[in-house]
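Coordinates as given in model28.txt (compact mmCIF, C-alpha atoms and all ligand atoms):
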```txt
# COMPACT_ATOMS: atom_id res chain seq x y z
CA MET A 216 16.93 -3.73 -21.30
CA ALA A 217 15.68 -3.86 -24.90
CA PHE A 218 13.32 -6.50 -26.18
CA LYS A 219 12.34 -7.51 -29.67
CA LYS A 220 8.76 -6.77 -30.63
CA PHE A 221 6.61 -9.90 -30.52
CA SER A 222 6.53 -11.54 -33.91
CA ILE A 223 3.20 -13.27 -33.44
CA ALA A 224 0.67 -11.60 -35.73
CA ALA A 225 -2.10 -11.38 -33.14
CA TYR A 226 0.04 -9.24 -30.88
CA ALA A 227 2.11 -7.48 -33.49
CA CYS A 228 -1.00 -5.71 -34.80
CA ALA A 229 -1.05 -3.75 -31.55
CA GLU A 230 2.34 -2.36 -32.58
CA ALA A 231 3.24 -2.55 -28.94
CA VAL A 232 6.66 -2.66 -27.41
CA PRO A 233 6.55 -5.08 -24.47
CA LEU A 234 6.57 -3.50 -21.05
CA GLN A 235 9.92 -3.23 -19.37
CA PRO A 236 10.28 -5.38 -16.29
CA PHE A 237 10.08 -3.73 -12.89
CA GLN A 238 8.02 -0.84 -14.15
CA GLN A 239 7.10 1.28 -11.16
CA HIS A 240 3.58 1.97 -9.91
CA ASP A 241 3.92 5.71 -10.35
CA VAL A 242 4.75 5.33 -14.03
CA GLU A 243 1.52 5.62 -15.98
CA THR A 244 0.74 2.30 -17.66
CA THR A 245 -0.53 2.70 -21.18
CA GLN A 246 -0.74 -0.91 -22.34
CA GLY A 247 -3.24 -3.56 -21.35
CA GLN A 248 -6.52 -1.82 -22.00
CA ILE A 249 -9.29 -4.41 -22.45
CA SER A 250 -12.60 -3.83 -24.14
CA VAL A 251 -15.32 -6.49 -24.18
CA LYS A 252 -18.09 -5.42 -26.54
CA ASN A 253 -21.53 -7.06 -26.53
CA VAL A 254 -20.03 -10.50 -26.04
CA THR A 255 -22.23 -13.60 -26.06
CA ILE A 256 -20.68 -17.07 -25.91
CA SER A 257 -22.69 -20.22 -26.58
CA PHE A 258 -21.62 -23.84 -26.67
CA GLN A 259 -23.27 -26.77 -28.35
CA ARG A 260 -23.78 -29.52 -25.79
CA ARG A 261 -25.14 -32.58 -27.59
CA HIS A 262 -28.38 -31.24 -29.11
CA GLN A 263 -28.64 -28.34 -26.73
CA LYS A 264 -27.28 -24.83 -27.02
CA VAL A 265 -25.79 -23.56 -23.74
CA THR A 266 -25.31 -19.82 -23.46
CA ALA A 267 -22.49 -19.38 -20.94
CA VAL A 268 -22.11 -15.61 -21.30
CA GLU A 269 -24.66 -13.16 -22.66
CA ASN A 270 -24.23 -9.62 -23.84
CA VAL A 271 -21.27 -8.67 -21.67
CA ASN A 272 -19.79 -5.20 -21.96
CA LEU A 273 -16.71 -4.43 -19.95
CA ASN A 274 -13.97 -1.84 -20.21
CA ILE A 275 -10.81 -2.29 -18.19
CA LYS A 276 -8.22 0.45 -17.96
CA ALA A 277 -4.51 -0.21 -18.48
CA GLY A 278 -2.98 -1.24 -15.16
CA GLU A 279 -6.33 -1.80 -13.45
CA PHE A 280 -6.92 -4.80 -11.16
CA VAL A 281 -10.40 -6.18 -11.78
CA ALA A 282 -12.00 -9.18 -10.08
CA LEU A 283 -14.71 -11.28 -11.72
CA LEU A 284 -16.76 -12.62 -8.85
CA GLY A 285 -19.66 -15.00 -9.12
CA ALA A 286 -21.21 -18.34 -8.27
CA SER A 287 -19.97 -21.56 -9.79
CA GLY A 288 -21.02 -21.93 -13.42
CA CYS A 289 -21.85 -18.26 -14.02
CA GLY A 290 -19.38 -17.99 -16.89
CA LYS A 291 -16.29 -16.41 -15.25
CA SER A 292 -13.79 -18.82 -16.83
CA THR A 293 -15.54 -18.66 -20.19
CA LEU A 294 -15.24 -14.88 -20.22
CA LEU A 295 -11.58 -15.08 -19.15
CA ASN A 296 -10.85 -17.66 -21.84
CA ALA A 297 -12.46 -15.39 -24.41
CA ILE A 298 -10.12 -12.54 -23.36
CA THR A 299 -7.14 -14.87 -23.87
CA GLY A 300 -8.49 -15.86 -27.29
CA ILE A 301 -8.86 -19.55 -26.34
CA VAL A 302 -12.67 -19.29 -26.70
CA LYS A 303 -14.24 -17.33 -29.57
CA PRO A 304 -17.26 -15.13 -28.85
CA THR A 305 -20.39 -16.27 -30.67
CA GLU A 306 -21.37 -12.61 -30.91
CA GLY A 307 -19.50 -9.41 -30.17
CA SER A 308 -15.78 -8.78 -29.97
CA ILE A 309 -12.88 -8.40 -27.55
CA TRP A 310 -10.09 -5.89 -27.94
CA ILE A 311 -6.76 -5.48 -26.19
CA ASP A 312 -5.10 -2.13 -26.87
CA HIS A 313 -7.31 -1.58 -29.93
CA CYS A 314 -6.30 -4.93 -31.40
CA GLN A 315 -9.11 -7.46 -31.80
CA VAL A 316 -8.52 -10.78 -30.07
CA THR A 317 -9.09 -13.52 -32.62
CA GLU A 318 -6.72 -16.25 -31.42
CA PRO A 319 -4.62 -17.10 -28.35
CA ASN A 320 -2.11 -14.32 -28.10
CA PRO A 321 0.95 -13.44 -26.04
CA ALA A 322 -0.56 -10.14 -24.89
CA CYS A 323 -2.07 -12.24 -22.08
CA GLY A 324 -0.19 -14.16 -19.42
CA ILE A 325 -2.37 -16.81 -17.78
CA VAL A 326 -2.29 -18.41 -14.34
CA PHE A 327 -4.73 -21.23 -13.61
CA GLN A 328 -5.93 -22.75 -10.33
CA HIS A 329 -3.73 -25.79 -10.80
CA HIS A 330 -0.29 -24.87 -11.95
CA SER A 331 0.41 -25.92 -15.50
CA LEU A 332 4.19 -26.13 -15.22
CA PHE A 333 6.06 -28.63 -17.35
CA PRO A 334 7.02 -31.35 -14.85
CA TRP A 335 10.10 -32.44 -16.81
CA MET A 336 11.59 -28.93 -16.81
CA THR A 337 13.34 -27.16 -13.96
CA VAL A 338 11.87 -23.98 -12.48
CA LEU A 339 14.23 -21.83 -14.57
CA GLN A 340 13.49 -23.78 -17.75
CA ASN A 341 9.75 -23.36 -17.13
CA VAL A 342 10.03 -19.59 -16.65
CA SER A 343 12.37 -19.06 -19.59
CA PHE A 344 10.24 -21.18 -21.95
CA GLY A 345 7.87 -18.32 -22.96
CA PRO A 346 10.60 -15.69 -23.56
CA LYS A 347 12.55 -18.28 -25.61
CA MET A 348 9.50 -19.11 -27.73
CA LEU A 349 8.97 -15.40 -28.41
CA GLY A 350 12.62 -15.00 -29.38
CA PHE A 351 13.59 -12.67 -26.54
CA PRO A 352 17.33 -12.19 -26.29
CA ALA A 353 18.74 -13.30 -22.95
CA ALA A 354 15.63 -15.35 -22.12
CA ARG A 355 17.34 -17.01 -19.16
CA SER A 356 18.38 -13.76 -17.53
CA VAL A 357 14.86 -12.33 -18.04
CA ALA A 358 13.50 -15.51 -16.41
CA MET A 359 15.94 -15.09 -13.50
CA GLN A 360 14.68 -11.54 -12.92
CA PHE A 361 11.13 -12.79 -12.61
CA LEU A 362 12.15 -15.68 -10.37
CA THR A 363 13.84 -13.13 -8.11
CA LEU A 364 10.65 -11.04 -8.18
CA VAL A 365 8.67 -13.99 -6.75
CA GLY A 366 11.48 -14.87 -4.32
CA LEU A 367 12.40 -18.21 -5.86
CA GLU A 368 15.80 -17.57 -7.42
CA LYS A 369 17.40 -20.16 -5.11
CA PHE A 370 15.05 -22.83 -6.43
CA LYS A 371 15.87 -22.34 -10.10
CA ASN A 372 17.23 -25.87 -10.53
CA TYR A 373 14.37 -27.60 -8.72
CA TYR A 374 11.66 -29.53 -10.57
CA PRO A 375 8.01 -28.51 -9.92
CA SER A 376 7.29 -31.70 -7.94
CA MET A 377 9.95 -30.64 -5.41
CA LEU A 378 8.03 -27.44 -4.53
CA SER A 379 5.01 -26.73 -2.33
CA GLY A 380 1.68 -25.67 -3.90
CA GLY A 381 2.31 -22.01 -3.06
CA MET A 382 5.79 -22.12 -4.58
CA GLN A 383 4.46 -23.78 -7.72
CA GLN A 384 1.91 -20.99 -8.10
CA ARG A 385 4.70 -18.40 -7.66
CA VAL A 386 6.60 -20.10 -10.48
CA GLY A 387 3.36 -19.98 -12.49
CA ILE A 388 3.10 -16.23 -11.88
CA ALA A 389 6.78 -15.70 -12.81
CA ARG A 390 6.24 -17.76 -15.96
CA ALA A 391 3.13 -15.79 -16.93
CA LEU A 392 4.95 -12.47 -16.39
CA ALA A 393 8.23 -13.47 -18.01
CA THR A 394 6.93 -12.68 -21.50
CA GLN A 395 6.04 -9.24 -20.11
CA PRO A 396 2.41 -9.36 -21.20
CA PRO A 397 0.38 -6.18 -20.75
CA VAL A 398 -2.46 -8.34 -19.36
CA LEU A 399 -2.35 -10.99 -16.65
CA LEU A 400 -5.38 -13.29 -16.47
CA MET A 401 -5.76 -15.34 -13.31
CA ASP A 402 -8.38 -18.08 -12.94
CA GLU A 403 -8.74 -18.84 -9.21
CA PRO A 404 -4.96 -19.08 -8.91
CA PHE A 405 -5.00 -19.57 -5.14
CA GLY A 406 -8.12 -21.76 -4.98
CA ALA A 407 -6.21 -24.93 -4.18
CA LEU A 408 -4.04 -23.40 -1.43
CA ASP A 409 -4.66 -23.51 2.32
CA ALA A 410 -5.95 -20.32 3.97
CA GLN A 411 -2.59 -19.17 5.37
CA THR A 412 -0.64 -19.69 2.15
CA ARG A 413 -3.47 -18.10 0.21
CA SER A 414 -3.35 -14.96 2.32
CA ILE A 415 0.44 -14.69 1.90
CA MET A 416 0.13 -15.24 -1.85
CA GLN A 417 -2.47 -12.47 -2.10
CA GLU A 418 -0.05 -10.04 -0.46
CA GLU A 419 2.77 -11.26 -2.69
CA LEU A 420 0.63 -10.79 -5.77
CA LEU A 421 -0.12 -7.19 -4.79
CA LYS A 422 3.59 -6.52 -4.30
CA ILE A 423 4.36 -7.98 -7.73
CA TRP A 424 1.54 -6.01 -9.32
CA THR A 425 2.80 -2.81 -7.70
CA THR A 426 6.23 -3.44 -9.17
CA PHE A 427 5.16 -4.69 -12.56
CA LYS A 428 2.00 -2.75 -13.19
CA THR A 429 0.18 -5.03 -15.59
CA THR A 430 -3.60 -5.13 -16.05
CA VAL A 431 -5.01 -8.01 -14.00
CA VAL A 432 -8.33 -9.83 -14.45
CA PHE A 433 -8.74 -12.15 -11.50
CA VAL A 434 -11.48 -14.79 -11.30
CA THR A 435 -12.58 -15.84 -7.82
CA HIS A 436 -15.50 -17.14 -5.75
CA ASP A 437 -14.07 -15.53 -2.66
CA ILE A 438 -15.52 -12.15 -1.66
CA ASP A 439 -12.66 -11.20 0.68
CA GLU A 440 -10.04 -12.13 -1.92
CA ALA A 441 -11.82 -9.96 -4.51
CA ILE A 442 -12.04 -6.96 -2.14
CA PHE A 443 -8.51 -7.26 -0.80
CA LEU A 444 -6.92 -7.42 -4.24
CA SER A 445 -8.90 -5.39 -6.68
CA ASP A 446 -9.72 -1.85 -7.75
CA ARG A 447 -13.11 -2.94 -9.05
CA ILE A 448 -15.27 -6.03 -8.65
CA CYS A 449 -17.56 -7.18 -11.45
CA ILE A 450 -20.25 -9.35 -9.91
CA MET A 451 -21.64 -11.87 -12.37
CA ARG A 452 -25.15 -13.26 -12.55
CA SER A 453 -25.82 -16.81 -13.69
CA THR A 454 -27.68 -18.56 -16.48
CA PRO A 455 -26.71 -17.01 -18.70
CA GLY A 456 -23.66 -15.27 -17.29
CA SER A 457 -23.58 -11.51 -17.43
CA ILE A 458 -22.37 -8.64 -15.32
CA LYS A 459 -24.95 -7.80 -12.69
CA GLU A 460 -23.19 -5.05 -10.82
CA GLU A 461 -19.83 -3.36 -10.47
CA VAL A 462 -18.45 -2.33 -7.11
CA MET A 463 -15.50 0.05 -6.80
CA VAL A 464 -13.04 -0.86 -4.05
CA ASP A 465 -11.81 2.50 -2.84
CA LEU A 466 -9.43 1.18 -0.16
CA ASP A 467 -5.98 2.73 0.09
CA ARG A 468 -2.94 0.89 -1.21
CA PRO A 469 -0.63 -0.71 -0.23
CA ARG A 470 -3.07 -3.06 1.52
CA LYS A 471 -2.32 -5.33 4.44
CA PRO A 472 -4.67 -8.08 5.74
CA ASP A 473 -5.73 -5.87 8.66
CA VAL A 474 -7.54 -3.62 6.16
CA MET A 475 -10.31 -6.22 6.56
CA LEU A 476 -11.02 -4.83 10.03
CA THR A 477 -11.71 -1.29 8.83
CA GLU A 478 -15.13 0.28 8.49
CA GLN A 479 -14.44 1.16 4.88
CA TYR A 480 -13.74 -2.50 4.07
CA ILE A 481 -16.89 -3.71 5.81
CA LYS A 482 -18.93 -1.19 3.83
CA VAL A 483 -17.65 -2.62 0.53
CA GLN A 484 -18.10 -6.15 1.85
CA LYS A 485 -21.78 -5.52 2.69
CA LYS A 486 -22.44 -4.20 -0.82
CA VAL A 487 -20.78 -7.19 -2.47
CA LEU A 488 -22.43 -9.70 -0.13
CA ALA A 489 -25.89 -8.38 -0.88
CA ALA A 490 -25.38 -8.65 -4.64
CA ILE A 491 -23.70 -12.03 -4.62
CA ARG A 492 -26.04 -13.78 -2.20
CA GLN A 493 -29.04 -13.21 -4.41
CA GLU A 494 -27.16 -14.66 -7.39
CA SER A 495 -25.72 -17.62 -5.46
CA LEU A 496 -29.21 -18.66 -4.29
CA LYS A 497 -30.52 -18.40 -7.84
CA SER A 498 -27.65 -20.47 -9.22
CA PHE A 499 -28.00 -23.09 -6.45
CA ASN A 500 -31.72 -23.50 -7.16
CA HIS A 501 -31.02 -23.72 -10.88
CA GLN A 502 -28.47 -26.50 -10.36
CA LEU A 503 -30.94 -28.43 -8.15
CA HIS A 504 -33.56 -28.36 -10.87
N1 LIG A 601 -16.61 -26.11 -23.71
C1 LIG A 601 -17.82 -26.10 -23.18
N2 LIG A 601 -18.82 -26.84 -23.70
C2 LIG A 601 -20.06 -26.81 -23.18
N3 LIG A 601 -20.43 -26.07 -22.10
C3 LIG A 601 -19.47 -25.33 -21.53
C4 LIG A 601 -18.12 -25.29 -22.02
N4 LIG A 601 -17.40 -24.44 -21.24
C5 LIG A 601 -18.24 -23.98 -20.30
N5 LIG A 601 -19.48 -24.51 -20.47
C6 LIG A 601 -20.67 -24.21 -19.66
O1 LIG A 601 -20.76 -22.80 -19.54
C7 LIG A 601 -21.20 -22.44 -18.23
C8 LIG A 601 -20.20 -21.51 -17.59
O2 LIG A 601 -19.01 -22.24 -17.28
P1 LIG A 601 -17.70 -21.56 -16.65
O3 LIG A 601 -16.70 -22.63 -16.44
O4 LIG A 601 -17.33 -20.41 -17.48
O5 LIG A 601 -18.27 -21.03 -15.26
P2 LIG A 601 -17.46 -20.52 -13.98
O6 LIG A 601 -18.22 -19.37 -13.45
O7 LIG A 601 -16.05 -20.30 -14.33
O8 LIG A 601 -17.60 -21.77 -13.02
P3 LIG A 601 -16.60 -22.26 -11.83
O9 LIG A 601 -16.50 -21.12 -10.88
O10 LIG A 601 -17.31 -23.45 -11.25
O11 LIG A 601 -15.29 -22.60 -12.48
C9 LIG A 601 -21.42 -23.75 -17.47
O12 LIG A 601 -22.77 -24.12 -17.58
C10 LIG A 601 -20.55 -24.72 -18.23
O13 LIG A 601 -21.04 -26.03 -18.11
```

structure tokens encoding of this file:
Amino acid sequence: MAFKKFSIAAYACAEAVPLQPFQQHDVETTQGQISVKNVTISFQRRHQKVTAVENVNLNIKAGEFVALLGASGCGKSTLLNAITGIVKPTEGSIWIDHCQVTEPNPACGIVFQHHSLFPWMTVLQNVSFGPKMLGFPAARSVAMQFLTLVGLEKFKNYYPSMLSGGMQQRVGIARALATQPPVLLMDEPFGALDAQTRSIMQEELLKIWTTFKTTVVFVTHDIDEAIFLSDRICIMRSTPGSIKEEVMVDLDRPRKPDVMLTEQYIKVQKKVLAAIRQESLKSFNHQLH
């Protein structure tokens, strides 16, 4: 299937041809390399300057699954929003495939905690909206492929309000992937789901990622979620937010929930727990004062 190159200037400068859908895991992914260079992000809050993120350096390989893990308020969402181009770094720069991010750009698909589907559109209309906007030929059939990928092809004519929370998030994932972005940014996408649905969605996400090997940056508070999903966990420290430690997750793939019972998993968990607990206590005390 051939797709037009994106016409939006921010993405066109990468001179990238969008990934083909259903790219296999064993095919080496070359797009979606992220480079965060000396990034500091400050906000003006009334008369006070708030530094949300300070001097962050992070390199993410094409096709890598990286979790940003940290206590509430440590700057995870701010960093993610800077990668999307929604927030501008006060200092430093962010690059995707050697193209500097200066504005919101279609190289990144985004999934938030609360789905941001258009309530007046059907599931299919929601998923085909992005491809249509980017001028893809056959936007509807591309959208159908991604709906099939998340197992919701039978619900194409439903409106979002007719779906469960887990189904709405699946539509959100299909919508984010339908423009075939080299990077998928996920901000606590399963945070509002119950434990059972969340666990199923994590497995589903890994299956989708295995099929469509995009780079994923996944924000979460949840240690087990970060370990189960990712190749690497970046643990953030608070006030101001920065990367305290990186932990490699060298567990075999494909992963099933029972990986959590293995010695190897518990070893990674202990490492992450030790780093995060120190930071959580610090952040909690800071919020109290
Ligand atoms: N637009 C803004 N204006 C002012 N301050 C902001 C803005 N966005 C974020 N902040 C501040 O920056 C800090 C980091 O916020 P951010 O939302 O990135 O943290 P987080 O780690 O994602 O938190 P949570 O896990 O609770 O969502 C917080 O102190 C927050 O109040």

Return the single residue from A:Val487, A:Val316, A:Leu284, A:Val386 that is closest to Asn341 in chain A, with distances computed using all atoms listed in the file. A:Val386

Give me the residues near Met377 in chain A as a list in words, where near means some atom within 10 Å (using only C-alpha atoms) and where sequence neighbours in that chain fewer than 3 positions away do not count.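 Selected residues are Pro334, Thr337, Val338, Phe370, Tyr373, Tyr374, Gly380, Met382 and Gln383 of chain A.
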
Set up a box along x, y and z of the file covering all listed atoms of ligand LIG 601 (chain A), add 6 Å on every one of the six sides, and write the centre and edge lengths in Å to one decimal, as lines of an AutoDock Vina configuration file.
```
center_x = -19.0
center_y = -23.1
center_z = -17.3
size_x = 19.5
size_y = 19.5
size_z = 24.8
```

Do you know which residues lie at most 8 Å from (-11.3, -1.2, -5.7), with coordinates as in the file and only C-alpha atoms counted, and could you write them as a ChimeraX atom specification? /A:280-281,442,444-448,462-466

Find the residues near Ala407 in chain A: any atom within 10 Å, counting all atoms listed in the file, skip ones fewer than 3 places away on the same chain, and give them as a list in words.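 Counting all atoms listed in the file, the residues come to Gln328, His329, His330, Gly380, Gly381, Gln384, Glu403, Pro404, Ala410, Thr412 and Arg413 of chain A.
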
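For the pair CA of Glu460 in chain A and CA of Leu476 in chain A, the separation is 24.1 Å.
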
Closest of A:Asp467, A:Asp402, A:Glu279, A:Glu419 to ligand LIG 601 (chain A) - atom-to-atom distances counting all atoms listed in the file: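 Closest to ligand LIG 601 (chain A), using all atoms listed in the file: A:Asp402.
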